[in-house]
$ cat input.csv   # CSV, C-alpha atoms
chain,number,residue,atom,x,y,z
X,1,MET,CA,-13.5,-20.6,-6.8
X,2,ALA,CA,-13.7,-20.5,-3.0
X,3,ALA,CA,-15.9,-23.6,-3.0
X,4,ASN,CA,-13.0,-25.8,-4.1
X,5,HIS,CA,-11.1,-25.2,-0.9
X,6,PRO,CA,-11.6,-26.9,2.5
X,7,THR,CA,-13.4,-25.2,5.4
X,8,LEU,CA,-12.2,-24.8,8.9
X,9,LEU,CA,-14.2,-24.8,12.2
X,10,CYS,CA,-14.3,-21.4,13.9
X,11,PHE,CA,-15.9,-20.3,17.1
X,12,THR,CA,-18.9,-18.1,17.3
X,13,ALA,CA,-21.5,-17.3,20.0
X,14,VAL,CA,-25.2,-17.6,19.8
X,15,LEU,CA,-26.6,-17.2,23.3
X,16,VAL,CA,-24.6,-20.2,24.2
X,17,SER,CA,-21.3,-21.1,22.5
X,18,ILE,CA,-21.7,-23.2,19.3
X,19,TRP,CA,-19.4,-24.3,16.5
X,20,THR,CA,-19.9,-23.2,12.9
X,21,THR,CA,-17.9,-23.4,9.7
X,22,CYS,CA,-16.2,-20.5,7.9
X,23,SER,CA,-15.8,-21.1,4.2
X,24,ALA,CA,-12.6,-20.5,2.4
X,25,HIS,CA,-12.4,-16.9,1.2
X,26,TYR,CA,-10.8,-15.9,-2.1
X,27,HIS,CA,-10.8,-12.3,-3.3
X,28,GLU,CA,-8.3,-10.8,-5.6
X,29,SER,CA,-7.8,-7.7,-3.4
X,30,TYR,CA,-5.5,-9.9,-1.3
X,31,MET,CA,-2.9,-12.1,-2.9
X,32,ARG,CA,-0.3,-13.9,-0.7
X,33,ASN,CA,1.6,-15.8,-3.4
X,34,ALA,CA,4.0,-14.4,-6.0
X,35,ASP,CA,2.6,-16.8,-8.6
X,36,ASP,CA,-1.0,-15.6,-8.1
X,37,ASP,CA,-2.6,-14.3,-11.3
X,38,PHE,CA,-1.5,-10.6,-11.7
X,39,SER,CA,-2.0,-8.4,-14.7
X,40,SER,CA,0.8,-6.5,-16.4
X,41,ARG,CA,0.4,-2.7,-16.0
X,42,THR,CA,3.7,-1.3,-17.0
X,43,ASN,CA,2.4,1.9,-18.6
X,44,TRP,CA,-0.9,2.7,-16.9
X,45,MET,CA,0.1,6.4,-16.4
X,46,SER,CA,0.4,6.8,-20.2
X,47,HIS,CA,-3.4,7.1,-20.3
X,48,ILE,CA,-3.4,10.1,-17.9
X,49,SER,CA,-3.0,13.6,-19.0
X,50,GLY,CA,0.4,15.2,-18.3
X,51,ASP,CA,-1.4,18.2,-16.8
X,52,VAL,CA,-2.7,16.2,-13.8
X,53,LYS,CA,-0.8,16.9,-10.6
X,54,LEU,CA,0.8,13.9,-8.9
X,55,SER,CA,-0.8,15.0,-5.7
X,56,GLU,CA,-4.3,14.5,-7.0
X,57,MET,CA,-3.7,11.1,-8.6
X,58,ALA,CA,-4.8,7.7,-7.2
X,59,ILE,CA,-1.6,5.6,-6.9
X,60,PRO,CA,-1.1,2.0,-5.7
X,61,GLY,CA,1.7,1.6,-3.1
X,62,THR,CA,3.2,-1.1,-0.9
X,63,HIS,CA,4.1,-0.9,2.8
X,64,LEU,CA,7.6,-2.2,3.8
X,65,SER,CA,8.1,-2.9,0.1
X,66,ALA,CA,11.3,-4.9,0.5
X,67,THR,CA,10.1,-7.6,3.0
X,68,TYR,CA,9.4,-10.2,0.2
X,69,THR,CA,12.8,-11.8,1.1
X,70,TRP,CA,11.8,-12.5,4.7
X,71,ASN,CA,9.1,-15.2,4.9
X,72,THR,CA,7.7,-15.0,8.4
X,73,ASP,CA,4.1,-14.1,9.5
X,74,VAL,CA,5.5,-11.2,11.6
X,75,THR,CA,7.9,-9.6,9.2
X,76,MET,CA,6.6,-10.3,5.6
X,77,THR,CA,4.2,-7.8,4.2
X,78,GLN,CA,5.0,-8.3,0.5
X,79,VAL,CA,5.5,-11.4,-1.7
X,80,LEU,CA,6.3,-9.6,-5.0
X,81,SER,CA,9.8,-8.5,-6.0
X,82,PHE,CA,10.5,-4.9,-6.9
X,83,LYS,CA,10.3,-5.8,-10.6
X,84,GLN,CA,7.0,-7.6,-10.1
X,85,GLN,CA,5.5,-4.7,-8.1
X,86,LEU,CA,6.5,-2.2,-10.8
X,87,ASN,CA,5.2,-4.4,-13.6
X,88,TYR,CA,1.9,-5.0,-11.9
X,89,GLY,CA,1.2,-1.3,-11.3
X,90,VAL,CA,2.7,-0.2,-8.0
X,91,ARG,CA,4.2,3.3,-8.1
X,92,PHE,CA,4.7,4.2,-4.4
X,93,PHE,CA,7.4,2.3,-2.4
X,94,ASP,CA,8.0,2.4,1.3
X,95,ILE,CA,11.8,1.9,1.7
X,96,ARG,CA,13.6,1.7,5.0
X,97,VAL,CA,17.4,1.9,5.0
X,98,LYS,CA,20.3,1.5,7.4
X,99,HIS,CA,23.6,3.3,6.7
X,100,LYS,CA,26.4,0.8,6.9
X,101,ASP,CA,29.8,0.6,5.2
X,102,ASN,CA,29.0,3.7,3.1
X,103,THR,CA,25.9,2.1,1.5
X,104,PHE,CA,22.3,1.6,2.4
X,105,GLN,CA,21.0,-1.8,3.5
X,106,LEU,CA,17.3,-2.4,3.2
X,107,HIS,CA,15.7,-3.1,6.6
X,108,SER,CA,12.5,-3.8,8.4
X,109,GLY,CA,13.3,-2.6,11.9
X,110,HIS,CA,16.5,-4.3,13.0
X,111,ILE,CA,16.2,-7.1,10.3
X,112,PHE,CA,18.5,-6.8,7.3
X,113,LEU,CA,16.5,-8.0,4.3
X,114,ASN,CA,19.5,-9.1,2.3
X,115,LEU,CA,18.8,-6.3,-0.2
X,116,TYR,CA,20.5,-3.0,-1.0
X,117,PHE,CA,19.0,0.4,-1.9
X,118,SER,CA,21.2,0.9,-4.9
X,119,GLU,CA,21.9,-2.6,-6.3
X,120,HIS,CA,18.4,-4.0,-5.9
X,121,PHE,CA,15.8,-1.3,-5.5
X,122,LEU,CA,17.1,1.6,-7.6
X,123,ASN,CA,18.5,-0.7,-10.3
X,124,SER,CA,15.0,-2.1,-10.7
X,125,VAL,CA,13.4,1.3,-10.7
X,126,ASP,CA,15.9,2.7,-13.2
X,127,LEU,CA,15.5,-0.2,-15.6
X,128,PHE,CA,11.8,0.0,-15.4
X,129,LEU,CA,11.6,3.8,-16.0
X,130,LYS,CA,13.9,3.6,-19.0
X,131,SER,CA,11.7,1.0,-20.5
X,132,ASN,CA,8.5,2.8,-19.5
X,133,PRO,CA,9.1,6.6,-19.8
X,134,SER,CA,5.4,7.4,-19.3
X,135,GLU,CA,5.6,6.3,-15.7
X,136,THR,CA,6.9,7.9,-12.5
X,137,VAL,CA,7.8,6.2,-9.2
X,138,LEU,CA,7.5,7.8,-5.7
X,139,VAL,CA,10.0,6.6,-3.1
X,140,LEU,CA,9.4,7.1,0.6
X,141,LEU,CA,12.9,6.9,2.1
X,142,LYS,CA,13.1,6.4,5.9
X,143,LYS,CA,16.1,5.7,8.1
X,144,GLU,CA,16.1,2.8,10.5
X,145,GLU,CA,18.0,3.1,13.8
X,146,PRO,CA,20.8,3.3,14.7
X,147,SER,CA,21.0,6.5,12.6
X,148,GLU,CA,24.7,6.0,11.8
X,149,ASP,CA,27.5,3.5,11.9
X,150,SER,CA,29.6,3.9,15.0
X,151,SER,CA,32.5,5.4,12.9
X,152,PRO,CA,31.1,6.1,9.4
X,153,ALA,CA,33.5,7.3,6.6
X,154,ARG,CA,30.8,9.7,5.5
X,155,THR,CA,27.4,11.0,6.5
X,156,THR,CA,24.1,9.4,5.6
X,157,ARG,CA,23.4,12.4,3.5
X,158,GLY,CA,26.7,12.0,1.7
X,159,THR,CA,26.0,8.4,0.9
X,160,LEU,CA,22.5,9.2,-0.5
X,161,GLU,CA,24.0,12.0,-2.6
X,162,GLU,CA,26.6,9.6,-4.1
X,163,ILE,CA,24.0,6.9,-4.8
X,164,LEU,CA,21.5,9.3,-6.5
X,165,HIS,CA,24.3,10.7,-8.7
X,166,ARG,CA,24.6,7.3,-10.3
X,167,TYR,CA,20.9,7.4,-11.2
X,168,SER,CA,20.9,11.0,-12.6
X,169,ASP,CA,19.1,9.9,-15.7
X,170,THR,CA,16.0,8.9,-13.8
X,171,TYR,CA,16.2,10.7,-10.5
X,172,LEU,CA,14.2,14.0,-10.3
X,173,GLU,CA,15.2,16.3,-7.5
X,174,THR,CA,12.2,18.4,-6.6
X,175,ASN,CA,10.4,19.9,-3.6
X,176,HIS,CA,7.5,21.2,-5.7
X,177,ARG,CA,4.2,19.8,-4.2
X,178,GLY,CA,2.3,20.8,-7.3
X,179,ILE,CA,4.5,18.9,-9.8
X,180,THR,CA,2.6,17.5,-12.8
X,181,LEU,CA,2.8,14.1,-14.3
X,182,LYS,CA,4.3,15.5,-17.5
X,183,ARG,CA,7.3,16.9,-15.5
X,184,ALA,CA,7.7,13.6,-13.6
X,185,ARG,CA,7.4,11.1,-16.4
X,186,GLY,CA,10.4,8.7,-16.6
X,187,LYS,CA,11.6,9.8,-13.2
X,188,PHE,CA,11.6,8.7,-9.6
X,189,ILE,CA,11.0,11.2,-6.8
X,190,ILE,CA,12.1,10.9,-3.1
X,191,PHE,CA,9.7,11.5,-0.2
X,192,SER,CA,12.0,12.3,2.7
X,193,GLY,CA,11.2,10.5,6.0
X,194,PHE,CA,14.5,11.5,7.6
X,195,HIS,CA,15.9,15.0,8.1
X,196,GLN,CA,19.2,14.3,6.3
X,197,PHE,CA,17.2,13.4,3.2
X,198,ASP,CA,15.0,16.6,3.1
X,199,SER,CA,17.0,18.4,0.4
X,200,PHE,CA,16.6,15.5,-2.0
X,201,GLY,CA,12.8,15.7,-2.5
X,202,LEU,CA,9.4,16.3,-1.0
X,203,LYS,CA,9.0,16.2,2.8
X,204,TYR,CA,6.9,13.2,3.8
X,205,ASP,CA,5.6,15.0,6.9
X,206,ASP,CA,4.0,17.6,4.7
X,207,CYS,CA,1.6,15.0,3.4
X,208,ASP,CA,-1.8,14.2,4.9
X,209,ILE,CA,-1.2,10.7,6.3
X,210,GLN,CA,-3.3,8.0,7.9
X,211,ASP,CA,-1.0,5.4,9.5
X,212,ASN,CA,-3.0,4.0,12.4
X,213,SER,CA,-0.9,0.9,12.4
X,214,HIS,CA,-1.0,-0.6,15.8
X,215,LEU,CA,-3.6,-3.2,16.7
X,216,SER,CA,-3.6,-4.6,20.2
X,217,THR,CA,-5.7,-7.5,19.2
X,218,ASN,CA,-7.6,-8.8,16.2
X,219,TRP,CA,-10.7,-7.0,17.4
X,220,ASP,CA,-9.1,-3.6,16.7
X,221,LEU,CA,-9.4,-4.4,13.0
X,222,TYR,CA,-12.7,-2.5,12.7
X,223,ASN,CA,-11.2,0.6,14.2
X,224,LYS,CA,-8.3,0.3,11.7
X,225,TRP,CA,-10.8,0.1,8.9
X,226,GLU,CA,-12.7,3.2,10.1
X,227,SER,CA,-9.4,5.1,10.0
X,228,VAL,CA,-8.9,4.0,6.4
X,229,LYS,CA,-12.5,4.8,5.4
X,230,ASN,CA,-12.3,8.3,6.9
X,231,GLN,CA,-9.0,9.0,5.0
X,232,LEU,CA,-10.6,7.9,1.8
X,233,GLU,CA,-13.3,10.5,2.3
X,234,ASN,CA,-10.7,13.1,3.4
X,235,ALA,CA,-8.7,12.6,0.1
X,236,ARG,CA,-11.7,12.6,-2.2
X,237,ASN,CA,-12.9,15.9,-0.8
X,238,GLY,CA,-9.5,17.4,-0.1
X,239,ASP,CA,-7.0,19.8,-1.5
X,240,PRO,CA,-5.7,18.9,-5.0
X,241,ASP,CA,-2.2,20.2,-4.0
X,242,THR,CA,-1.9,17.8,-1.0
X,243,PHE,CA,-0.6,14.3,-1.1
X,244,TYR,CA,-3.0,12.1,0.8
X,245,ILE,CA,-1.4,8.8,2.0
X,246,ASN,CA,-3.6,6.0,3.4
X,247,TYR,CA,-2.0,2.9,4.9
X,248,LEU,CA,-4.2,-0.2,4.9
X,249,SER,CA,-1.5,-2.1,6.9
X,250,GLY,CA,-1.4,-2.9,10.6
X,251,SER,CA,0.4,-5.2,13.1
X,252,GLY,CA,1.3,-5.5,16.7
X,253,GLY,CA,-1.3,-7.8,18.3
X,254,SER,CA,-2.3,-9.0,14.8
X,255,PHE,CA,-0.3,-10.4,11.9
X,256,PRO,CA,0.0,-8.2,8.8
X,257,TYR,CA,-1.7,-10.8,6.7
X,258,PHE,CA,-4.7,-10.8,9.0
X,259,VAL,CA,-5.1,-7.0,8.8
X,260,ALA,CA,-5.0,-7.2,5.0
X,261,SER,CA,-7.2,-10.2,4.6
X,262,GLY,CA,-9.2,-11.1,7.8
X,263,HIS,CA,-8.0,-14.7,7.2
X,264,SER,CA,-7.3,-17.3,9.9
X,265,SER,CA,-4.0,-18.2,8.1
X,266,PRO,CA,-1.9,-16.4,5.4
X,267,GLY,CA,-3.1,-18.2,2.3
X,268,THR,CA,-4.8,-16.4,-0.5
X,269,SER,CA,-7.8,-18.7,-0.2
X,270,ALA,CA,-7.7,-19.3,3.6
X,271,PRO,CA,-11.0,-19.0,5.6
X,272,ARG,CA,-12.0,-15.8,7.2
X,273,LEU,CA,-11.7,-15.7,11.0
X,274,ALA,CA,-15.0,-15.3,12.9
X,275,THR,CA,-15.4,-12.3,15.3
X,276,GLY,CA,-17.4,-14.4,17.8
X,277,LEU,CA,-20.5,-12.4,17.2
X,278,THR,CA,-23.7,-13.4,15.3
X,279,THR,CA,-26.8,-11.8,13.9
X,280,PRO,CA,-29.5,-11.1,14.7
X,281,GLY,CA,-28.2,-10.7,18.3
X,282,TRP,CA,-25.4,-8.3,17.3
X,283,SER,CA,-26.8,-6.9,14.1
X,284,ASP,CA,-25.4,-3.4,14.8
X,285,SER,CA,-21.9,-4.6,15.5
X,286,TYR,CA,-19.2,-4.2,12.8
X,287,PRO,CA,-21.6,-3.1,10.1
X,288,ASP,CA,-19.1,-3.3,7.3
X,289,PHE,CA,-17.9,-6.8,8.1
X,290,PRO,CA,-19.6,-9.7,6.2
X,291,ARG,CA,-22.3,-12.0,7.5
X,292,VAL,CA,-21.5,-15.6,6.6
X,293,SER,CA,-22.3,-19.2,7.3
X,294,CYS,CA,-26.0,-18.5,7.8
X,295,PHE,CA,-28.1,-21.2,9.3
X,296,ILE,CA,-31.8,-21.0,10.4
X,297,GLY,CA,-31.6,-17.2,10.4
X,298,ILE,CA,-28.4,-17.0,12.4
X,299,CYS,CA,-25.2,-15.6,10.6
X,300,THR,CA,-21.6,-15.4,11.8
X,301,ILE,CA,-20.1,-12.0,11.7
X,302,ALA,CA,-16.6,-12.6,10.1
X,303,PHE,CA,-13.6,-10.4,10.0
X,304,GLU,CA,-12.9,-8.7,6.7
X,305,GLY,CA,-9.4,-7.4,5.7
X,306,THR,CA,-8.7,-3.8,4.9
X,307,ASN,CA,-7.7,-4.8,1.3
X,308,THR,CA,-11.2,-6.1,0.4
X,309,LEU,CA,-13.0,-3.4,2.4
X,310,THR,CA,-11.0,-0.7,0.6
X,311,TYR,CA,-11.5,-2.3,-2.8
X,312,ASP,CA,-15.3,-2.3,-2.2
X,313,LYS,CA,-15.3,1.3,-1.2
X,314,ILE,CA,-13.1,2.6,-4.1
X,315,ARG,CA,-15.2,0.5,-6.5
X,316,GLU,CA,-18.3,2.3,-5.2
X,317,TYR,CA,-16.5,5.6,-5.7
X,318,ASN,CA,-15.6,4.6,-9.3
X,319,GLU,CA,-19.2,3.7,-10.2
X,320,TYR,CA,-20.8,6.6,-8.4
X,321,PRO,CA,-18.4,9.6,-8.2
X,322,ARG,CA,-21.0,11.9,-6.8
X,323,GLY,CA,-19.0,15.1,-7.5
X,324,SER,CA,-15.8,14.2,-5.6
X,325,ARG,CA,-13.1,16.9,-5.9
X,326,ARG,CA,-10.3,14.5,-6.6
X,327,THR,CA,-9.1,10.9,-6.2
X,328,VAL,CA,-8.5,8.7,-3.1
X,329,GLY,CA,-4.7,9.5,-3.3
X,330,ILE,CA,-1.9,7.1,-2.5
X,331,ILE,CA,-3.1,3.7,-1.1
X,332,VAL,CA,-0.4,1.8,0.7
X,333,ALA,CA,-1.1,-1.9,1.2
X,334,ASP,CA,0.3,-5.2,2.5
X,335,PHE,CA,-0.1,-8.0,0.0
X,336,PRO,CA,-2.1,-6.0,-2.6
X,337,GLY,CA,-4.0,-8.2,-5.0
X,338,ASP,CA,-4.7,-7.6,-8.7
X,339,LEU,CA,-8.2,-6.2,-8.2
X,340,LEU,CA,-7.1,-3.7,-5.5
X,341,ILE,CA,-4.4,-2.4,-7.8
X,342,SER,CA,-6.6,-2.1,-10.8
X,343,THR,CA,-9.4,-0.4,-8.8
X,344,ILE,CA,-7.1,2.2,-7.4
X,345,ILE,CA,-5.8,3.0,-10.9
X,346,ARG,CA,-9.3,3.2,-12.3
X,347,ASN,CA,-10.1,5.9,-9.7
X,348,ASN,CA,-8.1,8.3,-11.9
X,349,ASP,CA,-10.9,8.3,-14.5
X,350,ALA,CA,-12.8,11.0,-12.6
X,351,ILE,CA,-9.9,13.5,-12.8
X,352,GLN,CA,-9.4,12.6,-16.4
X,353,GLU,CA,-13.0,13.3,-17.3
X,354,ARG,CA,-13.0,16.6,-15.3
X,355,LEU,CA,-9.9,17.7,-17.1
X,356,ILE,CA,-11.4,16.9,-20.5
X,357,ASN,CA,-14.6,18.7,-19.7
X,358,TYR,CA,-12.6,21.8,-18.5
X,359,THR,CA,-10.4,22.0,-21.6
X,360,ASN,CA,-13.4,21.5,-23.9
$ encode --input "input.csv" --output "structure tokens"
Amino acid sequence: MAANHPTLLCFTAVLVSIWTTCSAHYHESYMRNADDDFSSRTNWMSHISGDVKLSEMAIPGTHLSATYTWNTDVTMTQVLSFKQQLNYGVRFFDIRVKHKDNTFQLHSGHIFLNLYFSEHFLNSVDLFLKSNPSETVLVLLKKEEPSEDSSPARTTRGTLEEILHRYSDTYLETNHRGITLKRARGKFIIFSGFHQFDSFGLKYDDCDIQDNSHLSTNWDLYNKWESVKNQLENARNGDPDTFYINYLSGSGGSFPYFVASGHSSPGTSAPRLATGLTTPGWSDSYPDFPRVSCFIGICTIAFEGTNTLTYDKIREYNEYPRGSRRTVGIIVADFPGDLLISTIIRNNDAIQERLINYTN
């Protein structure tokens, strides 16, 4: 499929500087368009035993889940609406709110995303759970600054209490870290990322979190990947009662799409960017990054996005479990593609098999 797309010139060094081509790169771990080919996964949790703890499940998530309304390379981290994310298998949402006029606006930093916590996000979750009672949704709720209106009519906590009361059919108030899927089916659970939200759910800070999100330049991408890879191992061999959360996202001196894809531009099938190094001269550099555009024994070392690298690693775990204690946990991505979502979900097979063997 990639061969049908044009190539771009990208710079790389071989003793002296030369030009080489980087082919278009298409991989379904990264999808930048809402009309890309996603599969429906509205009830994937129905195939998992209710005795499994949520903390030991592999769960696809999205970072800054509401940014699909703001199409800039700096701000946008998602292209799918809340409804689409839910239908395609996402069950962990990163929601940032600002308290204004006794309601919660959805924000990314100072940017109002023209969406509201109740009317847009929770309405989507509520309708989805009522149609798919086998599922559960985890909601990381953080507060953007300023922490309050200058003269609010009620507190942030009071506004959240009022909103959640409207969704009492699907909201589950719990602080039990060992909660099972059976107890949580058909419900959404809050992970509190702000002290006034603590009494409404689980504390986010009690989770084991990898969120090494700042890249000074594109060349920090490999360090970001190593943080992700280490957390995958931490989760697989960790405590079944601990929520492990692993962010694939990053920004700062790099665009979010670049961290997710390694691409030179945002498109799903855009070319990879070259690191500027080649083999055999730098064979030991960036060992997990691909070697591409080979000519007369010289290959360009290209960047690879965290989405594809994580997909490859989890696929390896799925094929060769090698006695892992549990799953990779909650994987939170920018622009997650269909293959990444499906591979995370499939990682639950190991705990299913272990549970069946134990009960038999």
$ closest_residue --input "input.csv" --among "X:Asp334, X:Asp208, X:Asp94, X:Asp101" --to "Ala235 of chain X" --atoms "all atoms listed in the file"
X:Asp208
$ atom_distance --input "input.csv" --atom1 "atom CA of Thr327 of chain X" --atom2 "atom CA of Thr42 of chain X"
20.7 Å
$ residues_near_point --input "input.csv" --point "(-1.3, 11.0, -20.9)" --cutoff "12 Å" --atoms "all atoms listed in the file" --output "ChimeraX atom specification"
/X:43-53,133-135,180-185,348-349,352,355-356
$ closest_residue --input "input.csv" --among "X:Ser131, X:Ser81, X:Thr156, X:Ser108" --to "Leu64 of chain X" --atoms "all atoms listed in the file"
X:Ser108
$ closest_residue --input "input.csv" --among "X:Val259, X:Leu221, X:Leu215, X:Ile189" --to "Asn175 of chain X" --atoms "all atoms listed in the file"
X:Ile189
$ atom_distance --input "input.csv" --atom1 "atom CA of Asp205 of chain X" --atom2 "atom CA of His176 of chain X"
14.2 Å
$ atom_distance --input "input.csv" --atom1 "atom CA of Phe200 of chain X" --atom2 "atom CA of Leu160 of chain X"
8.8 Å
$ residues_around --input "input.csv" --residues "Ala58 of chain X" --least-positions-apart "6" --cutoff "8 Å" --atoms "all atoms listed in the file" --output "short mmCIF file (atom, residue, chain, number, x, y, z; two decimals) with C-alpha atoms, keeping the file's coordinate frame"
data_model
loop_
_atom_site.label_atom_id
_atom_site.label_comp_id
_atom_site.auth_asym_id
_atom_site.auth_seq_id
_atom_site.Cartn_x
_atom_site.Cartn_y
_atom_site.Cartn_z
CA THR X 327 -9.10 10.90 -6.20
CA VAL X 328 -8.50 8.70 -3.10
CA GLY X 329 -4.70 9.50 -3.30
CA ILE X 330 -1.90 7.10 -2.50
CA ILE X 331 -3.10 3.70 -1.10
CA ILE X 344 -7.10 2.20 -7.40
CA ILE X 345 -5.80 3.00 -10.90
CA ASN X 347 -10.10 5.90 -9.70
CA ASN X 348 -8.10 8.30 -11.90
#
$ closest_residue --input "input.csv" --among "X:Val97, X:Ala34, X:Leu164, X:Ile111" --to "Leu141 of chain X" --atoms "all atoms listed in the file"
X:Val97
$ residues_around --input "input.csv" --residues "Arg315 of chain X" --least-positions-apart "2" --cutoff "12 Å" --atoms "all atoms listed in the file" --output "list of chain:residue names"
X:Ser29, X:Thr308, X:Leu309, X:Thr310, X:Tyr311, X:Asp312, X:Lys313, X:Tyr317, X:Asn318, X:Glu319, X:Tyr320, X:Pro321, X:Val328, X:Leu339, X:Leu340, X:Ile341, X:Ser342, X:Thr343, X:Ile344, X:Ile345, X:Arg346, X:Asn347, X:Asn348, X:Asp349
$ residues_around --input "input.csv" --residues "His63 of chain X" --least-positions-apart "5" --cutoff "8 Å" --atoms "only C-alpha atoms" --output "list of chain:residue names"
X:Thr77, X:Gln78, X:Phe93, X:Asp94, X:Tyr247, X:Ser249, X:Val332, X:Ala333, X:Asp334
$ closest_residue --input "input.csv" --among "X:Ala302, X:Leu248, X:Leu129, X:Ile179" --to "Met57 of chain X" --atoms "all atoms listed in the file"
X:Ile179
$ closest_atom_pairs --input "input.csv" --of "segment 60-107 of chain X" --to "segment 261-281 of chain X" --cutoff "12 Å" --atoms "all atoms listed in the file" --output "JSON lines"
{"residue": "X:Asn71", "atom": "CA", "partner": "X:Pro266", "partner_atom": "CA", "distance": 11.1}
{"residue": "X:Thr72", "atom": "CA", "partner": "X:Pro266", "partner_atom": "CA", "distance": 10.2}
{"residue": "X:Asp73", "atom": "CA", "partner": "X:Pro266", "partner_atom": "CA", "distance": 7.6}
{"residue": "X:Val74", "atom": "CA", "partner": "X:Pro266", "partner_atom": "CA", "distance": 11.0}
{"residue": "X:Met76", "atom": "CA", "partner": "X:Pro266", "partner_atom": "CA", "distance": 10.5}
{"residue": "X:Thr77", "atom": "CA", "partner": "X:Pro266", "partner_atom": "CA", "distance": 10.6}
{"residue": "X:Gln78", "atom": "CA", "partner": "X:Pro266", "partner_atom": "CA", "distance": 11.7}
{"residue": "X:Val79", "atom": "CA", "partner": "X:Pro266", "partner_atom": "CA", "distance": 11.4}
$ closest_residue --input "input.csv" --among "X:Ser293, X:Asn234, X:Asn218, X:Ser199" --to "Arg157 of chain X" --atoms "all atoms listed in the file"
X:Ser199
$ residues_around --input "input.csv" --residues "Ser39 of chain X" --least-positions-apart "6" --cutoff "9 Å" --atoms "only C-alpha atoms" --output "list in words"
Asn87, Tyr88, Gly89, Asp338 and Ser342 of chain X
$ residues_around --input "input.csv" --residues "Gly253 of chain X" --least-positions-apart "5" --cutoff "10 Å" --atoms "all atoms listed in the file" --output "ChimeraX atom specification"
/X:214-220
$ decode --input "input.csv" --residues "segment 216-228 of chain X" --atoms "N, CA and C atoms" --output "CSV table (one decimal), in the first residue's frame"
chain,number,residue,atom,x,y,z
X,216,SER,N,12.8,17.7,23.8
X,216,SER,CA,13.4,19.0,23.4
X,216,SER,C,13.6,19.1,21.9
X,217,THR,N,13.9,17.9,21.2
X,217,THR,CA,14.1,17.9,19.8
X,217,THR,C,13.5,16.5,19.3
X,218,ASN,N,13.5,16.4,18.0
X,218,ASN,CA,13.0,15.1,17.4
X,218,ASN,C,13.9,13.9,17.9
X,219,TRP,N,15.2,14.2,18.1
X,219,TRP,CA,16.2,13.2,18.5
X,219,TRP,C,16.0,12.6,19.9
X,220,ASP,N,15.1,13.2,20.6
X,220,ASP,CA,14.7,12.7,21.9
X,220,ASP,C,13.7,11.5,21.8
X,221,LEU,N,13.3,11.3,20.6
X,221,LEU,CA,12.2,10.2,20.4
X,221,LEU,C,12.7,8.9,20.9
X,222,TYR,N,14.0,8.5,20.7
X,222,TYR,CA,14.4,7.2,21.1
X,222,TYR,C,14.4,7.1,22.7
X,223,ASN,N,14.7,8.2,23.4
X,223,ASN,CA,14.6,8.1,24.8
X,223,ASN,C,13.2,8.0,25.3
X,224,LYS,N,12.3,8.6,24.6
X,224,LYS,CA,10.8,8.4,24.9
X,224,LYS,C,10.4,7.0,24.7
X,225,TRP,N,10.9,6.4,23.6
X,225,TRP,CA,10.5,5.0,23.3
X,225,TRP,C,11.1,4.1,24.4
X,226,GLU,N,12.3,4.4,24.9
X,226,GLU,CA,12.9,3.5,25.9
X,226,GLU,C,12.1,3.6,27.2
X,227,SER,N,11.5,4.8,27.5
X,227,SER,CA,10.6,5.0,28.7
X,227,SER,C,9.4,4.1,28.5
X,228,VAL,N,8.8,4.1,27.3
X,228,VAL,CA,7.6,3.3,27.0
X,228,VAL,C,7.9,1.8,27.2
